[in-house]
Amino acid sequence: MDGQGNAGGNGGGGSDCDAVARAFVEYYYHTFDTNRAALAALYGPTSMLSFEGHGVAGAEEIGRKLAQLPFEQCRHSICTVDCQPSPSFPGSILVFVSGNLQLSGEEHQLRFSQMFQLVPNEQGSFFVQNDIFRLNYG
């Protein structure tokens, strides 16, 4: 995946959708766990992030929000990846992820869900237009 989201996914939308979604998810969470600052490059000027109900917009603000999360290190383990083509933007893909998040120094993992809308860019790749993250309690 490059700075505008070269990734891969499919969940009802064909093998291309699945390949894009899976490649994106692998890249995104590996980057989150190893070099969180690099994630800002996956977003664009119109991108939006909702993180635990707090919204920010634009790649710069999203990068700042992710960099300021109150933990240094974490490790994601992905349980499911589902995707669908989205007719709202031609060629775009909705990706829904569920998994576990292990914070450094914490005994128990946290469950999370995250949704992305990947939109094609002019370079023939994708960028994250929408990103919604929630911890799952209960």
# chains A, B, ... in the order shown; residues from 1 in each chain; ligands from 1

call {"tool": "residues_around", "arguments": {"residues": "A:Gly53", "least_positions_apart": "2", "cutoff": "12 Å", "atoms": "only C-alpha atoms", "output": "ChimeraX atom specification"}}
result
/A:48-51,55-56,131-135

call {"tool": "residues_around", "arguments": {"residues": "A:Ala57", "least_positions_apart": "4", "cutoff": "10 Å", "atoms": "only C-alpha atoms", "output": "list in words"}}
result
Tyr43, Gly44, Pro45, Thr46, Ser47, Met48, Leu49, Ser50, Glu61, Ile62, Gly63, Lys65, Gln129 and Asn130 of chain A

call {"tool": "write_last_selection", "arguments": {"atoms": "N, CA, C and O atoms", "output": "short mmCIF file (atom, residue, chain, number, x, y, z; two decimals), in the first residue's frame"}}
result
data_model
loop_
_atom_site.label_atom_id
_atom_site.label_comp_id
_atom_site.auth_asym_id
_atom_site.auth_seq_id
_atom_site.Cartn_x
_atom_site.Cartn_y
_atom_site.Cartn_z
N TYR A 43 -4.93 8.84 3.98
CA TYR A 43 -6.13 9.67 4.00
C TYR A 43 -5.95 10.85 3.05
O TYR A 43 -4.83 11.16 2.64
N GLY A 44 -7.05 11.50 2.72
CA GLY A 44 -7.00 12.66 1.84
C GLY A 44 -7.58 13.89 2.51
O GLY A 44 -8.02 13.84 3.67
N PRO A 45 -7.62 15.01 1.80
CA PRO A 45 -8.10 16.26 2.40
C PRO A 45 -9.58 16.21 2.79
O PRO A 45 -10.00 16.96 3.68
N THR A 46 -10.38 15.35 2.16
CA THR A 46 -11.81 15.26 2.50
C THR A 46 -12.12 14.08 3.42
O THR A 46 -13.29 13.85 3.75
N SER A 47 -11.11 13.34 3.84
CA SER A 47 -11.31 12.14 4.68
C SER A 47 -11.86 12.51 6.04
O SER A 47 -11.60 13.60 6.56
N MET A 48 -12.62 11.57 6.61
CA MET A 48 -13.18 11.75 7.95
C MET A 48 -12.89 10.52 8.79
O MET A 48 -12.96 9.39 8.30
N LEU A 49 -12.60 10.77 10.07
CA LEU A 49 -12.37 9.71 11.06
C LEU A 49 -13.29 9.95 12.24
O LEU A 49 -13.37 11.07 12.75
N SER A 50 -13.97 8.90 12.66
CA SER A 50 -14.71 8.91 13.92
C SER A 50 -14.06 7.86 14.80
O SER A 50 -14.12 6.67 14.50
N GLU A 61 -5.21 16.30 10.24
CA GLU A 61 -5.87 16.18 11.54
C GLU A 61 -6.02 14.70 11.95
O GLU A 61 -5.87 14.37 13.12
N ILE A 62 -6.32 13.85 10.99
CA ILE A 62 -6.44 12.42 11.29
C ILE A 62 -5.09 11.87 11.74
O ILE A 62 -5.01 11.15 12.74
N GLY A 63 -4.04 12.23 11.04
CA GLY A 63 -2.70 11.80 11.45
C GLY A 63 -2.35 12.27 12.85
O GLY A 63 -1.79 11.52 13.65
N LYS A 65 -4.52 12.99 15.27
CA LYS A 65 -5.35 12.24 16.22
C LYS A 65 -4.76 10.86 16.49
O LYS A 65 -4.65 10.43 17.64
N GLN A 129 -11.59 7.37 2.60
CA GLN A 129 -12.49 8.51 2.66
C GLN A 129 -13.16 8.58 4.03
O GLN A 129 -13.27 9.65 4.61
N ASN A 130 -13.60 7.42 4.54
CA ASN A 130 -14.28 7.37 5.84
C ASN A 130 -13.67 6.25 6.68
O ASN A 130 -13.34 5.20 6.17
#

call {"tool": "closest_residue", "arguments": {"among": "A:Gln114, A:Leu42, A:Glu107, A:His30", "to": "A:Arg75", "atoms": "only C-alpha atoms"}}
result
A:His30

call {"tool": "atom_distance", "arguments": {"atom1": "atom CA of A:Cys74", "atom2": "atom CA of A:Asn136"}}
result
16.6 Å

call {"tool": "closest_residue", "arguments": {"among": "A:Ala23, A:Ala59, A:Leu69, A:Leu39", "to": "A:Leu103", "atoms": "only C-alpha atoms"}}
result
A:Leu69

call {"tool": "atom_distance", "arguments": {"atom1": "atom CA of A:Ala37", "atom2": "atom CA of A:Pro90"}}
result
29.1 Å

call {"tool": "select_by_dssp", "arguments": {"residues": "chain A", "states": "alpha helix (DSSP H)", "output": "JSON, numbers by chain"}}
result
{"A": [15, 16, 17, 18, 19, 20, 21, 22, 23, 24, 25, 26, 27, 28, 29, 30, 31, 32, 33, 34, 59, 60, 61, 62, 63, 64, 65, 66, 67]}

call {"tool": "residues_around", "arguments": {"residues": "A:Asp33", "least_positions_apart": "6", "cutoff": "12 Å", "atoms": "only C-alpha atoms", "output": "NGL selection string"}}
result
:A and (26-27 or 39 or 66-67 or 71-77 or 101-104)

call {"tool": "write_last_selection", "arguments": {"atoms": "N, CA, C and O atoms", "output": "PDB file, in the first residue's frame"}}
result
ATOM      1  N   GLU A  26      -4.335  -5.730   5.960  1.00  0.00           N
ATOM      2  CA  GLU A  26      -3.005  -6.184   6.372  1.00  0.00           C
ATOM      3  C   GLU A  26      -2.047  -5.009   6.468  1.00  0.00           C
ATOM      4  O   GLU A  26      -1.316  -4.854   7.458  1.00  0.00           O
ATOM      5  N   TYR A  27      -2.032  -4.143   5.470  1.00  0.00           N
ATOM      6  CA  TYR A  27      -1.132  -2.998   5.469  1.00  0.00           C
ATOM      7  C   TYR A  27      -1.476  -2.006   6.584  1.00  0.00           C
ATOM      8  O   TYR A  27      -0.588  -1.533   7.309  1.00  0.00           O
ATOM      9  N   LEU A  39       0.335   6.458   8.818  1.00  0.00           N
ATOM     10  CA  LEU A  39      -1.054   6.248   8.419  1.00  0.00           C
ATOM     11  C   LEU A  39      -1.688   7.493   7.797  1.00  0.00           C
ATOM     12  O   LEU A  39      -2.601   7.369   6.973  1.00  0.00           O
ATOM     13  N   LEU A  66      -4.379  10.152  15.436  1.00  0.00           N
ATOM     14  CA  LEU A  66      -3.821   8.808  15.610  1.00  0.00           C
ATOM     15  C   LEU A  66      -2.492   8.841  16.362  1.00  0.00           C
ATOM     16  O   LEU A  66      -2.218   7.976  17.191  1.00  0.00           O
ATOM     17  N   ALA A  67      -1.683   9.857  16.091  1.00  0.00           N
ATOM     18  CA  ALA A  67      -0.385   9.984  16.771  1.00  0.00           C
ATOM     19  C   ALA A  67      -0.547  10.301  18.250  1.00  0.00           C
ATOM     20  O   ALA A  67       0.311   9.957  19.062  1.00  0.00           O
ATOM     21  N   PHE A  71      -1.445   5.639  23.996  1.00  0.00           N
ATOM     22  CA  PHE A  71      -0.617   4.447  24.192  1.00  0.00           C
ATOM     23  C   PHE A  71       0.499   4.471  23.161  1.00  0.00           C
ATOM     24  O   PHE A  71       0.337   4.990  22.066  1.00  0.00           O
ATOM     25  N   GLU A  72       1.632   3.929  23.561  1.00  0.00           N
ATOM     26  CA  GLU A  72       2.800   3.923  22.686  1.00  0.00           C
ATOM     27  C   GLU A  72       2.760   2.769  21.697  1.00  0.00           C
ATOM     28  O   GLU A  72       2.956   2.946  20.511  1.00  0.00           O
ATOM     29  N   GLN A  73       2.542   1.571  22.229  1.00  0.00           N
ATOM     30  CA  GLN A  73       2.614   0.374  21.395  1.00  0.00           C
ATOM     31  C   GLN A  73       1.345  -0.447  21.536  1.00  0.00           C
ATOM     32  O   GLN A  73       0.719  -0.478  22.602  1.00  0.00           O
ATOM     33  N   CYS A  74       0.995  -1.123  20.435  1.00  0.00           N
ATOM     34  CA  CYS A  74      -0.146  -2.028  20.463  1.00  0.00           C
ATOM     35  C   CYS A  74       0.050  -3.076  19.381  1.00  0.00           C
ATOM     36  O   CYS A  74       0.943  -2.967  18.530  1.00  0.00           O
ATOM     37  N   ARG A  75      -0.797  -4.091  19.433  1.00  0.00           N
ATOM     38  CA  ARG A  75      -0.767  -5.151  18.428  1.00  0.00           C
ATOM     39  C   ARG A  75      -2.199  -5.536  18.114  1.00  0.00           C
ATOM     40  O   ARG A  75      -2.970  -5.884  18.994  1.00  0.00           O
ATOM     41  N   HIS A  76      -2.557  -5.432  16.836  1.00  0.00           N
ATOM     42  CA  HIS A  76      -3.890  -5.823  16.378  1.00  0.00           C
ATOM     43  C   HIS A  76      -3.866  -7.278  15.917  1.00  0.00           C
ATOM     44  O   HIS A  76      -2.921  -7.702  15.264  1.00  0.00           O
ATOM     45  N   SER A  77      -4.904  -8.019  16.228  1.00  0.00           N
ATOM     46  CA  SER A  77      -5.126  -9.328  15.612  1.00  0.00           C
ATOM     47  C   SER A  77      -6.521  -9.289  15.003  1.00  0.00           C
ATOM     48  O   SER A  77      -7.501  -8.979  15.680  1.00  0.00           O
ATOM     49  N   LEU A 101      -7.286  -5.968  20.138  1.00  0.00           N
ATOM     50  CA  LEU A 101      -6.209  -4.998  20.276  1.00  0.00           C
ATOM     51  C   LEU A 101      -5.506  -5.266  21.602  1.00  0.00           C
ATOM     52  O   LEU A 101      -6.137  -5.251  22.654  1.00  0.00           O
ATOM     53  N   GLN A 102      -4.212  -5.538  21.536  1.00  0.00           N
ATOM     54  CA  GLN A 102      -3.413  -5.774  22.737  1.00  0.00           C
ATOM     55  C   GLN A 102      -2.532  -4.556  22.975  1.00  0.00           C
ATOM     56  O   GLN A 102      -1.673  -4.231  22.150  1.00  0.00           O
ATOM     57  N   LEU A 103      -2.770  -3.852  24.076  1.00  0.00           N
ATOM     58  CA  LEU A 103      -1.942  -2.710  24.434  1.00  0.00           C
ATOM     59  C   LEU A 103      -0.749  -3.176  25.246  1.00  0.00           C
ATOM     60  O   LEU A 103      -0.872  -4.081  26.080  1.00  0.00           O
ATOM     61  N   SER A 104       0.381  -2.557  25.011  1.00  0.00           N
ATOM     62  CA  SER A 104       1.601  -2.905  25.725  1.00  0.00           C
ATOM     63  C   SER A 104       1.396  -2.736  27.233  1.00  0.00           C
ATOM     64  O   SER A 104       0.884  -1.711  27.688  1.00  0.00           O
TER      65      SER A 104
END

call {"tool": "atom_distance", "arguments": {"atom1": "atom CA of A:Pro87", "atom2": "atom CA of A:Phe32"}}
result
28.2 Å

call {"tool": "residues_around", "arguments": {"residues": "A:Leu94", "least_positions_apart": "5", "cutoff": "6 Å", "atoms": "only C-alpha atoms", "output": "PyMOL selection string"}}
result
chain A and resi 83-84+116-117

call {"tool": "closest_residue", "arguments": {"among": "A:Glu122, A:Thr34, A:Asn100, A:Ile93", "to": "A:Thr80", "atoms": "only C-alpha atoms"}}
result
A:Asn100

call {"tool": "closest_residue", "arguments": {"among": "A:Gly58, A:Gly105, A:Pro70, A:Gly99", "to": "A:Val128", "atoms": "only C-alpha atoms"}}
result
A:Gly58
